[in-house]
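> data-v3.cif is reproduced in full below (mmCIF, C-alpha atoms and all ligand atoms).
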```cif
data_final
#
loop_
_atom_site.label_atom_id
_atom_site.label_comp_id
_atom_site.auth_asym_id
_atom_site.auth_seq_id
_atom_site.Cartn_x
_atom_site.Cartn_y
_atom_site.Cartn_z
CA MET W 1 -58.30 -62.34 -47.71
CA ILE W 2 -60.02 -59.56 -45.77
CA GLU W 3 -58.16 -56.30 -45.21
CA ILE W 4 -59.66 -53.47 -43.22
CA CYS W 5 -57.52 -50.36 -43.16
CA ASN W 6 -58.22 -47.31 -40.96
CA LEU W 7 -61.95 -47.79 -41.30
CA THR W 8 -64.20 -45.15 -39.78
CA ARG W 9 -67.97 -44.86 -40.06
CA LYS W 10 -69.91 -41.97 -38.60
CA PHE W 11 -73.65 -41.56 -38.18
CA GLY W 12 -73.95 -37.78 -37.85
CA SER W 13 -71.27 -36.85 -35.36
CA PHE W 14 -71.36 -40.29 -33.67
CA GLU W 15 -68.50 -42.61 -34.59
CA ALA W 16 -69.84 -46.19 -34.75
CA VAL W 17 -66.51 -47.56 -36.07
CA SER W 18 -63.27 -45.73 -35.26
CA ASN W 19 -60.10 -46.18 -37.25
CA LEU W 20 -60.41 -49.97 -37.39
CA SER W 21 -57.62 -51.98 -39.02
CA LEU W 22 -57.41 -55.74 -39.18
CA THR W 23 -56.70 -58.57 -41.60
CA VAL W 24 -58.11 -62.06 -41.88
CA LEU W 25 -56.04 -64.73 -43.61
CA PRO W 26 -57.25 -67.30 -46.18
CA GLY W 27 -59.08 -70.21 -44.54
CA GLU W 28 -59.22 -68.46 -41.19
CA LEU W 29 -62.32 -68.59 -39.00
CA PHE W 30 -62.37 -65.17 -37.39
CA CYS W 31 -64.77 -64.30 -34.57
CA PHE W 32 -65.55 -60.62 -34.09
CA LEU W 33 -66.85 -60.05 -30.59
CA GLY W 34 -68.12 -56.99 -28.76
CA PRO W 35 -70.94 -55.70 -26.54
CA ASN W 36 -74.22 -54.53 -28.10
CA GLY W 37 -73.69 -51.36 -30.10
CA ALA W 38 -69.90 -51.85 -30.38
CA GLY W 39 -69.91 -51.56 -34.19
CA LYS W 40 -69.85 -55.20 -35.35
CA THR W 41 -72.84 -55.05 -37.69
CA THR W 42 -71.73 -51.69 -39.07
CA THR W 43 -68.33 -53.21 -39.91
CA ILE W 44 -69.92 -56.22 -41.63
CA LYS W 45 -72.28 -53.97 -43.59
CA ILE W 46 -69.32 -51.99 -44.89
CA LEU W 47 -67.38 -55.16 -45.76
CA THR W 48 -70.36 -56.50 -47.71
CA GLY W 49 -71.06 -53.24 -49.54
CA LEU W 50 -74.30 -52.27 -47.79
CA LEU W 51 -72.85 -49.17 -46.14
CA ARG W 52 -70.17 -46.80 -47.33
CA PRO W 53 -67.29 -46.01 -45.02
CA THR W 54 -66.82 -42.42 -43.88
CA SER W 55 -63.10 -43.01 -44.41
CA GLY W 56 -60.70 -45.91 -44.78
CA THR W 57 -60.73 -48.90 -47.11
CA THR W 58 -61.81 -52.52 -47.16
CA ARG W 59 -60.48 -55.16 -49.52
CA ILE W 60 -61.63 -58.70 -50.17
CA CYS W 61 -59.19 -60.93 -52.11
CA GLY W 62 -57.30 -57.72 -52.92
CA LEU W 63 -60.38 -56.05 -54.46
CA ASP W 64 -61.70 -52.77 -53.09
CA MET W 65 -65.46 -52.81 -52.43
CA GLN W 66 -65.75 -49.13 -53.39
CA ILE W 67 -64.04 -49.74 -56.75
CA ASP W 68 -65.17 -53.26 -57.75
CA PRO W 69 -68.42 -53.89 -55.87
CA ILE W 70 -69.85 -56.51 -58.25
CA ALA W 71 -66.59 -58.46 -58.46
CA VAL W 72 -66.38 -58.50 -54.66
CA LYS W 73 -70.02 -59.52 -54.22
CA LYS W 74 -69.48 -62.53 -56.49
CA LEU W 75 -66.77 -63.76 -54.12
CA ILE W 76 -68.60 -63.34 -50.84
CA GLY W 77 -71.56 -64.77 -48.98
CA TYR W 78 -73.42 -62.82 -46.33
CA ILE W 79 -75.88 -63.91 -43.69
CA PRO W 80 -77.24 -60.82 -41.93
CA ASP W 81 -78.50 -60.76 -38.36
CA MET W 82 -82.05 -60.29 -39.58
CA PRO W 83 -82.23 -62.05 -42.94
CA PHE W 84 -84.96 -61.15 -45.36
CA LEU W 85 -86.78 -63.99 -47.07
CA TYR W 86 -89.60 -63.83 -49.60
CA GLU W 87 -92.44 -65.30 -47.56
CA ARG W 88 -94.55 -66.36 -50.52
CA LEU W 89 -91.86 -68.44 -52.21
CA THR W 90 -91.37 -72.10 -51.40
CA ALA W 91 -87.98 -73.22 -50.09
CA THR W 92 -87.07 -74.60 -53.53
CA GLU W 93 -88.18 -71.41 -55.29
CA PHE W 94 -86.02 -69.32 -52.96
CA PHE W 95 -83.03 -71.58 -53.64
CA GLN W 96 -83.66 -71.26 -57.40
CA PHE W 97 -84.00 -67.48 -57.08
CA THR W 98 -80.64 -67.28 -55.28
CA ALA W 99 -79.05 -69.51 -57.91
CA ASP W 100 -80.29 -67.10 -60.62
CA LEU W 101 -78.85 -64.10 -58.76
CA TYR W 102 -75.42 -65.74 -58.68
CA GLU W 103 -75.74 -66.96 -62.29
CA VAL W 104 -75.37 -70.62 -61.36
CA PRO W 105 -75.97 -72.65 -64.57
CA GLN W 106 -79.62 -73.77 -64.72
CA ASN W 107 -78.83 -77.43 -65.31
CA LYS W 108 -76.80 -77.64 -62.09
CA VAL W 109 -79.47 -76.28 -59.80
CA PRO W 110 -81.70 -79.36 -59.23
CA LEU W 111 -78.76 -81.53 -58.12
CA LEU W 112 -77.31 -78.75 -55.96
CA CYS W 113 -80.71 -78.21 -54.40
CA ASP W 114 -81.08 -81.93 -53.62
CA GLU W 115 -77.62 -82.21 -52.07
CA SER W 116 -77.92 -79.07 -50.09
CA PHE W 117 -81.48 -79.70 -48.82
CA ARG W 118 -80.35 -83.18 -47.74
CA LEU W 119 -77.36 -81.72 -45.86
CA PHE W 120 -79.50 -79.14 -44.09
CA GLY W 121 -82.43 -81.46 -43.36
CA LEU W 122 -84.76 -79.49 -45.61
CA LEU W 123 -86.01 -82.25 -47.94
CA ASP W 124 -89.42 -82.38 -46.28
CA CYS W 125 -89.87 -78.61 -46.67
CA ARG W 126 -89.02 -78.42 -50.36
CA ASN W 127 -92.48 -77.27 -51.38
CA VAL W 128 -93.47 -75.46 -48.21
CA LEU W 129 -93.98 -71.70 -48.33
CA ILE W 130 -91.29 -69.81 -46.41
CA LYS W 131 -93.92 -68.07 -44.28
CA GLU W 132 -94.83 -71.50 -42.89
CA LEU W 133 -91.27 -72.50 -41.94
CA SER W 134 -90.00 -72.39 -38.35
CA HIS W 135 -87.15 -70.02 -37.42
CA GLY W 136 -84.67 -72.91 -37.45
CA MET W 137 -85.80 -74.10 -40.87
CA ARG W 138 -85.54 -70.58 -42.27
CA GLN W 139 -81.99 -70.33 -40.95
CA ARG W 140 -81.13 -73.67 -42.56
CA LEU W 141 -82.57 -72.45 -45.86
CA ILE W 142 -80.48 -69.29 -45.62
CA TYR W 143 -77.32 -71.35 -45.08
CA ALA W 144 -78.22 -73.67 -47.96
CA SER W 145 -78.71 -70.67 -50.26
CA THR W 146 -75.58 -68.90 -49.07
CA PHE W 147 -73.27 -71.83 -49.84
CA LEU W 148 -74.83 -72.27 -53.29
CA HIS W 149 -72.23 -70.21 -55.15
CA ASN W 150 -69.39 -71.51 -53.00
CA PRO W 151 -68.22 -68.13 -51.67
CA GLN W 152 -64.53 -67.67 -50.90
CA VAL W 153 -65.30 -65.36 -48.02
CA LEU W 154 -68.33 -65.70 -45.77
CA PHE W 155 -69.70 -63.03 -43.42
CA ILE W 156 -72.19 -64.10 -40.76
CA ASP W 157 -73.76 -61.76 -38.25
CA GLU W 158 -74.97 -63.64 -35.14
CA PRO W 159 -75.40 -67.05 -36.80
CA LEU W 160 -76.80 -68.94 -33.84
CA VAL W 161 -79.54 -66.74 -32.41
CA GLY W 162 -82.71 -68.70 -31.67
CA LEU W 163 -81.41 -72.03 -32.93
CA ASP W 164 -81.85 -75.37 -31.15
CA PRO W 165 -78.79 -77.39 -30.03
CA TYR W 166 -78.97 -79.62 -33.14
CA SER W 167 -78.92 -76.66 -35.49
CA ILE W 168 -76.12 -75.01 -33.51
CA ARG W 169 -74.01 -78.16 -33.77
CA LEU W 170 -74.81 -78.45 -37.50
CA ILE W 171 -73.75 -74.86 -38.15
CA LYS W 172 -70.61 -75.05 -35.96
CA ASP W 173 -69.42 -78.26 -37.66
CA LEU W 174 -70.22 -76.86 -41.07
CA LEU W 175 -68.30 -73.63 -40.49
CA MET W 176 -65.23 -75.48 -39.20
CA GLU W 177 -65.36 -77.87 -42.15
CA LYS W 178 -65.70 -75.01 -44.65
CA ALA W 179 -62.79 -73.13 -43.08
CA ARG W 180 -60.65 -76.28 -43.20
CA ALA W 181 -61.52 -76.55 -46.89
CA GLY W 182 -60.20 -73.01 -47.42
CA MET W 183 -63.19 -70.72 -46.94
CA THR W 184 -62.44 -67.53 -45.01
CA ILE W 185 -65.13 -66.87 -42.40
CA PHE W 186 -65.83 -63.66 -40.50
CA LEU W 187 -68.52 -64.00 -37.90
CA THR W 188 -69.95 -62.18 -34.92
CA THR W 189 -71.42 -63.98 -31.94
CA HIS W 190 -72.39 -63.31 -28.34
CA ILE W 191 -71.94 -66.97 -27.49
CA LEU W 192 -68.38 -66.85 -26.21
CA ALA W 193 -68.17 -70.62 -25.71
CA VAL W 194 -68.78 -71.03 -29.43
CA ALA W 195 -66.05 -68.54 -30.29
CA GLU W 196 -63.73 -70.43 -27.93
CA ASP W 197 -64.57 -73.70 -29.70
CA ILE W 198 -64.31 -72.67 -33.32
CA ALA W 199 -62.30 -69.46 -33.76
CA ASP W 200 -58.80 -69.49 -35.21
CA ARG W 201 -58.50 -65.87 -34.15
CA ILE W 202 -60.64 -63.49 -32.14
CA GLY W 203 -61.05 -59.72 -32.32
CA ILE W 204 -62.87 -57.72 -29.67
CA ILE W 205 -64.40 -54.36 -30.53
CA SER W 206 -65.69 -51.89 -27.98
CA LYS W 207 -67.24 -48.49 -28.73
CA GLY W 208 -66.02 -48.73 -32.32
CA LYS W 209 -62.41 -49.48 -31.44
CA LEU W 210 -60.52 -52.75 -31.70
CA ILE W 211 -59.32 -53.51 -28.16
CA ALA W 212 -57.97 -57.06 -28.54
CA MET W 213 -56.89 -59.34 -31.33
CA GLY W 214 -55.27 -62.76 -31.38
CA THR W 215 -55.71 -66.49 -30.86
CA LEU W 216 -57.40 -67.60 -27.66
CA LYS W 217 -53.97 -68.66 -26.37
CA GLU W 218 -52.51 -65.24 -27.12
CA LEU W 219 -55.41 -63.43 -25.47
CA LEU W 220 -55.13 -65.65 -22.38
CA ALA W 221 -51.38 -65.02 -22.19
CA LEU W 222 -51.94 -61.25 -22.37
CA ASN W 223 -54.63 -61.32 -19.66
CA ASN W 224 -53.12 -63.79 -17.25
CA GLU W 225 -55.65 -63.17 -14.48
CA CYS W 226 -58.39 -64.49 -16.84
CA LYS W 227 -59.11 -68.19 -17.18
CA ASN W 228 -61.34 -68.19 -20.28
CA LEU W 229 -62.72 -66.02 -23.04
CA GLU W 230 -65.70 -64.92 -20.97
CA ASP W 231 -63.34 -63.53 -18.30
CA ILE W 232 -61.29 -61.74 -20.95
CA PHE W 233 -64.36 -60.28 -22.63
CA LEU W 234 -65.93 -59.06 -19.38
CA HIS W 235 -62.62 -57.70 -18.14
CA LEU W 236 -61.81 -55.77 -21.32
CA THR W 237 -65.31 -54.36 -21.85
CA GLU W 238 -66.24 -53.70 -18.20
CA ASN W 239 -66.46 -49.94 -18.67
CA ASP W 240 -69.01 -50.26 -21.45
CA ASN W 241 -72.04 -50.88 -19.28
N1 LIG W 301 -78.18 -46.32 -39.45
C1 LIG W 301 -77.76 -45.88 -38.25
N2 LIG W 301 -78.00 -44.62 -37.85
C2 LIG W 301 -77.56 -44.16 -36.64
N3 LIG W 301 -76.86 -44.91 -35.77
C3 LIG W 301 -76.60 -46.17 -36.12
C4 LIG W 301 -77.03 -46.74 -37.36
N4 LIG W 301 -76.62 -48.03 -37.42
C5 LIG W 301 -75.95 -48.26 -36.27
N5 LIG W 301 -75.95 -47.16 -35.49
C6 LIG W 301 -75.30 -47.04 -34.17
O1 LIG W 301 -73.96 -47.43 -34.29
C7 LIG W 301 -73.55 -48.18 -33.15
C8 LIG W 301 -73.02 -49.52 -33.60
O2 LIG W 301 -74.10 -50.30 -34.06
P1 LIG W 301 -73.91 -51.79 -34.59
O3 LIG W 301 -72.82 -51.81 -35.58
O4 LIG W 301 -75.26 -52.28 -35.02
O5 LIG W 301 -73.44 -52.53 -33.25
P2 LIG W 301 -73.32 -54.09 -32.91
O6 LIG W 301 -73.63 -54.86 -34.15
O7 LIG W 301 -71.93 -54.27 -32.43
O8 LIG W 301 -74.31 -54.36 -31.82
C9 LIG W 301 -74.75 -48.26 -32.23
O9 LIG W 301 -74.64 -47.24 -31.27
C10 LIG W 301 -75.92 -47.99 -33.16
O10 LIG W 301 -76.98 -47.40 -32.47
MG MG W 302 -75.06 -56.32 -34.51
#
```
Just give me the structure of the file as structure tokens.

Amino acid sequence: MIEICNLTRKFGSFEAVSNLSLTVLPGELFCFLGPNGAGKTTTIKILTGLLRPTSGTTRICGLDMQIDPIAVKKLIGYIPDMPFLYERLTATEFFQFTADLYEVPQNKVPLLCDESFRLFGLLDCRNVLIKELSHGMRQRLIYASTFLHNPQVLFIDEPLVGLDPYSIRLIKDLLMEKARAGMTIFLTTHILAVAEDIADRIGIISKGKLIAMGTLKELLALNNECKNLEDIFLHLTENDN
């Protein structure tokens, strides 16, 4: 579903992503881990068409982002690490705006909005301006809007930063449910316990290079002195800091 092949991205002479290759299968929940500055966000920005690679290719559902950007963007959802919201729209207006962007038929939007706002606990904020929403409520609105066009592949950069335990549980359960229903999910997180809980497979990137890839079981088997993902992560990236 996601194919990254020999991907390199330079900023000047600095290589933020170095010859990265990996694939993510349909319905897989893939966690991309790495220390700050390892190249996770750069990789996601290339996969979602916000940055061009210096070299290498990325494909989503077999389509090359450089060749078919619009077709790819229709298939994906993307939640960036610092999402941008229009502060002077209400929650409902933002949802409607997103529906228009993805060409969701007008007559379907009110029902979708109701269902989705109920699921995300947003019914009381329907007519509240975004600038007045708490961080958690904004995040919930972003999730509601991202699932609106039912993306086949979802990219999420640091989905849990600043959320309360209820919201974290809501998002974790939702992501696992979506993956079980066939959605392919590529996410980054620093919360290793979450990756341990929900990931089908884990990749670790360090200084732009992929240094580990596999299921938790496989990673534990390869690093037999480590007893959990935190040990593995700290062991493999210890020269970074
Ligand atoms: N637009 C940019 N210009 C120059 N350097 C950048 C730019 N974006 C990212 N970098 C650098 O590339 C490296 C990887 O960044 P990033 O992908 O954001 O890391 P991560 O998301 O893993 O923390 C960092 O050293 C960062 O400073
Ligand atoms: Mg980042």
> Give the answer as one residue: which of W:Ala16, W:Met65, W:Ile142, W:Leu229 has the shortest atom-to-atom distance to ligand MG 302 (chain W), using only C-alpha atoms and all ligand atoms?
W:Ala16
> Give as an mmCIF file with C-alpha atoms, in the coordinates of the input the set of residues within 12 Å of the point (-91.6, -72.9, -45.1), where distances use the file's coordinates and all atoms listed in the file.

```cif
data_model
loop_
_atom_site.group_PDB
_atom_site.id
_atom_site.type_symbol
_atom_site.label_atom_id
_atom_site.label_comp_id
_atom_site.auth_asym_id
_atom_site.auth_seq_id
_atom_site.Cartn_x
_atom_site.Cartn_y
_atom_site.Cartn_z
ATOM 1 C CA LEU W 85 -86.780 -63.990 -47.070
ATOM 2 C CA TYR W 86 -89.600 -63.830 -49.600
ATOM 3 C CA GLU W 87 -92.440 -65.300 -47.560
ATOM 4 C CA ARG W 88 -94.550 -66.360 -50.520
ATOM 5 C CA LEU W 89 -91.860 -68.440 -52.210
ATOM 6 C CA THR W 90 -91.370 -72.100 -51.400
ATOM 7 C CA ALA W 91 -87.980 -73.220 -50.090
ATOM 8 C CA THR W 92 -87.070 -74.600 -53.530
ATOM 9 C CA GLU W 93 -88.180 -71.410 -55.290
ATOM 10 C CA PHE W 94 -86.020 -69.320 -52.960
ATOM 11 C CA LEU W 122 -84.760 -79.490 -45.610
ATOM 12 C CA LEU W 123 -86.010 -82.250 -47.940
ATOM 13 C CA ASP W 124 -89.420 -82.380 -46.280
ATOM 14 C CA CYS W 125 -89.870 -78.610 -46.670
ATOM 15 C CA ARG W 126 -89.020 -78.420 -50.360
ATOM 16 C CA ASN W 127 -92.480 -77.270 -51.380
ATOM 17 C CA VAL W 128 -93.470 -75.460 -48.210
ATOM 18 C CA LEU W 129 -93.980 -71.700 -48.330
ATOM 19 C CA ILE W 130 -91.290 -69.810 -46.410
ATOM 20 C CA LYS W 131 -93.920 -68.070 -44.280
ATOM 21 C CA GLU W 132 -94.830 -71.500 -42.890
ATOM 22 C CA LEU W 133 -91.270 -72.500 -41.940
ATOM 23 C CA SER W 134 -90.000 -72.390 -38.350
ATOM 24 C CA HIS W 135 -87.150 -70.020 -37.420
ATOM 25 C CA GLY W 136 -84.670 -72.910 -37.450
ATOM 26 C CA MET W 137 -85.800 -74.100 -40.870
ATOM 27 C CA ARG W 138 -85.540 -70.580 -42.270
ATOM 28 C CA GLN W 139 -81.990 -70.330 -40.950
ATOM 29 C CA ARG W 140 -81.130 -73.670 -42.560
ATOM 30 C CA LEU W 141 -82.570 -72.450 -45.860
ATOM 31 C CA ILE W 142 -80.480 -69.290 -45.620
#
```
> Using all atoms listed in the file, which residues sit within 12 Å of Ala71 of chain W once same-chain residues fewer than 5 positions away are excluded, as a PyMOL selection string?
chain W and resi 48-49+59-66+76+102+151
> Excluding Leu175 of chain W and residues on its chain fewer than 2 positions from it, collect all residues at most 12 Å away from it, counting all atoms listed in the file, and give them as JSON, numbers by chain.
{"W": [27, 28, 29, 30, 31, 143, 147, 153, 154, 155, 156, 159, 160, 168, 169, 170, 171, 172, 173, 177, 178, 179, 180, 181, 182, 183, 184, 185, 186, 187, 194, 195, 197, 198, 199, 200]}
> Just want the residues within 7 Å of ligand MG 302 (chain W), written as a list in words, counting all atoms listed in the file.
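Listed by chain and ascending number, the contacts are Asn36, Gly37, Lys40, Thr41, Asp81 and Asp157 of chain W.
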> Which neighbours of Lys227 of chain W fall inside 12 Å, counting all atoms listed in the file, when residues of the same chain fewer than 6 positions from it are skipped, and could you give them as a ChimeraX atom specification?
/W:196,216-217,219-221,233-235
> So which residues are near ligand LIG 301 (chain W), meaning at most 8 Å away with all atoms listed in the file counted, given back as a VMD selection string?
chain W and resid 11 to 12 14 to 17 33 to 43 205 207 to 208
> Between W:Thr189, W:Ser116, W:Thr58, W:Asn223, which is the closest to Val161 of chain W once you count only C-alpha atoms?
W:Thr189
> Can you tell me how far atom CA of Gln96 of chain W sits from atom CA of Leu148 of chain W, in Å to one decimal?
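Here the two named atoms are 9.8 Å from each other.
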> Just the number, please: distance in Å from atom CA of Glu230 of chain W to atom CA of Asp164 of chain W, one decimal.
21.8 Å
> Could you add N, CA and C atoms to segment 138-152 of chain W and give me the result as an mmCIF file, in the frame of the given file?

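Done, and the output landed in selection19.cif:
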```cif
data_model
loop_
_atom_site.group_PDB
_atom_site.id
_atom_site.type_symbol
_atom_site.label_atom_id
_atom_site.label_comp_id
_atom_site.auth_asym_id
_atom_site.auth_seq_id
_atom_site.Cartn_x
_atom_site.Cartn_y
_atom_site.Cartn_z
ATOM 1 N N ARG W 138 -85.911 -71.758 -41.464
ATOM 2 C CA ARG W 138 -85.540 -70.580 -42.270
ATOM 3 C C ARG W 138 -84.035 -70.381 -42.260
ATOM 4 N N GLN W 139 -83.448 -70.491 -41.057
ATOM 5 C CA GLN W 139 -81.990 -70.330 -40.950
ATOM 6 C C GLN W 139 -81.285 -71.356 -41.808
ATOM 7 N N ARG W 140 -81.772 -72.612 -41.759
ATOM 8 C CA ARG W 140 -81.130 -73.670 -42.560
ATOM 9 C C ARG W 140 -81.237 -73.350 -44.056
ATOM 10 N N LEU W 141 -82.395 -72.810 -44.449
ATOM 11 C CA LEU W 141 -82.570 -72.450 -45.860
ATOM 12 C C LEU W 141 -81.611 -71.326 -46.255
ATOM 13 N N ILE W 142 -81.406 -70.389 -45.342
ATOM 14 C CA ILE W 142 -80.480 -69.290 -45.620
ATOM 15 C C ILE W 142 -79.062 -69.829 -45.796
ATOM 16 N N TYR W 143 -78.659 -70.753 -44.934
ATOM 17 C CA TYR W 143 -77.320 -71.350 -45.080
ATOM 18 C C TYR W 143 -77.224 -72.103 -46.405
ATOM 19 N N ALA W 144 -78.244 -72.904 -46.705
ATOM 20 C CA ALA W 144 -78.220 -73.670 -47.960
ATOM 21 C C ALA W 144 -78.038 -72.724 -49.141
ATOM 22 N N SER W 145 -78.762 -71.608 -49.136
ATOM 23 C CA SER W 145 -78.710 -70.670 -50.260
ATOM 24 C C SER W 145 -77.386 -69.905 -50.296
ATOM 25 N N THR W 146 -76.819 -69.671 -49.125
ATOM 26 C CA THR W 146 -75.580 -68.900 -49.070
ATOM 27 C C THR W 146 -74.390 -69.692 -49.609
ATOM 28 N N PHE W 147 -74.396 -71.009 -49.370
ATOM 29 C CA PHE W 147 -73.270 -71.830 -49.840
ATOM 30 C C PHE W 147 -73.399 -72.218 -51.316
ATOM 31 N N LEU W 148 -74.519 -71.881 -51.908
ATOM 32 C CA LEU W 148 -74.830 -72.270 -53.290
ATOM 33 C C LEU W 148 -73.752 -71.865 -54.287
ATOM 34 N N HIS W 149 -73.223 -70.657 -54.167
ATOM 35 C CA HIS W 149 -72.230 -70.210 -55.150
ATOM 36 C C HIS W 149 -70.804 -70.383 -54.613
ATOM 37 N N ASN W 150 -70.699 -71.175 -53.536
ATOM 38 C CA ASN W 150 -69.390 -71.510 -53.000
ATOM 39 C C ASN W 150 -68.511 -70.268 -52.760
ATOM 40 N N PRO W 151 -68.962 -69.382 -51.883
ATOM 41 C CA PRO W 151 -68.220 -68.130 -51.670
ATOM 42 C C PRO W 151 -66.821 -68.392 -51.104
ATOM 43 N N GLN W 152 -65.886 -67.537 -51.460
ATOM 44 C CA GLN W 152 -64.530 -67.670 -50.900
ATOM 45 C C GLN W 152 -64.454 -67.057 -49.515
#
```
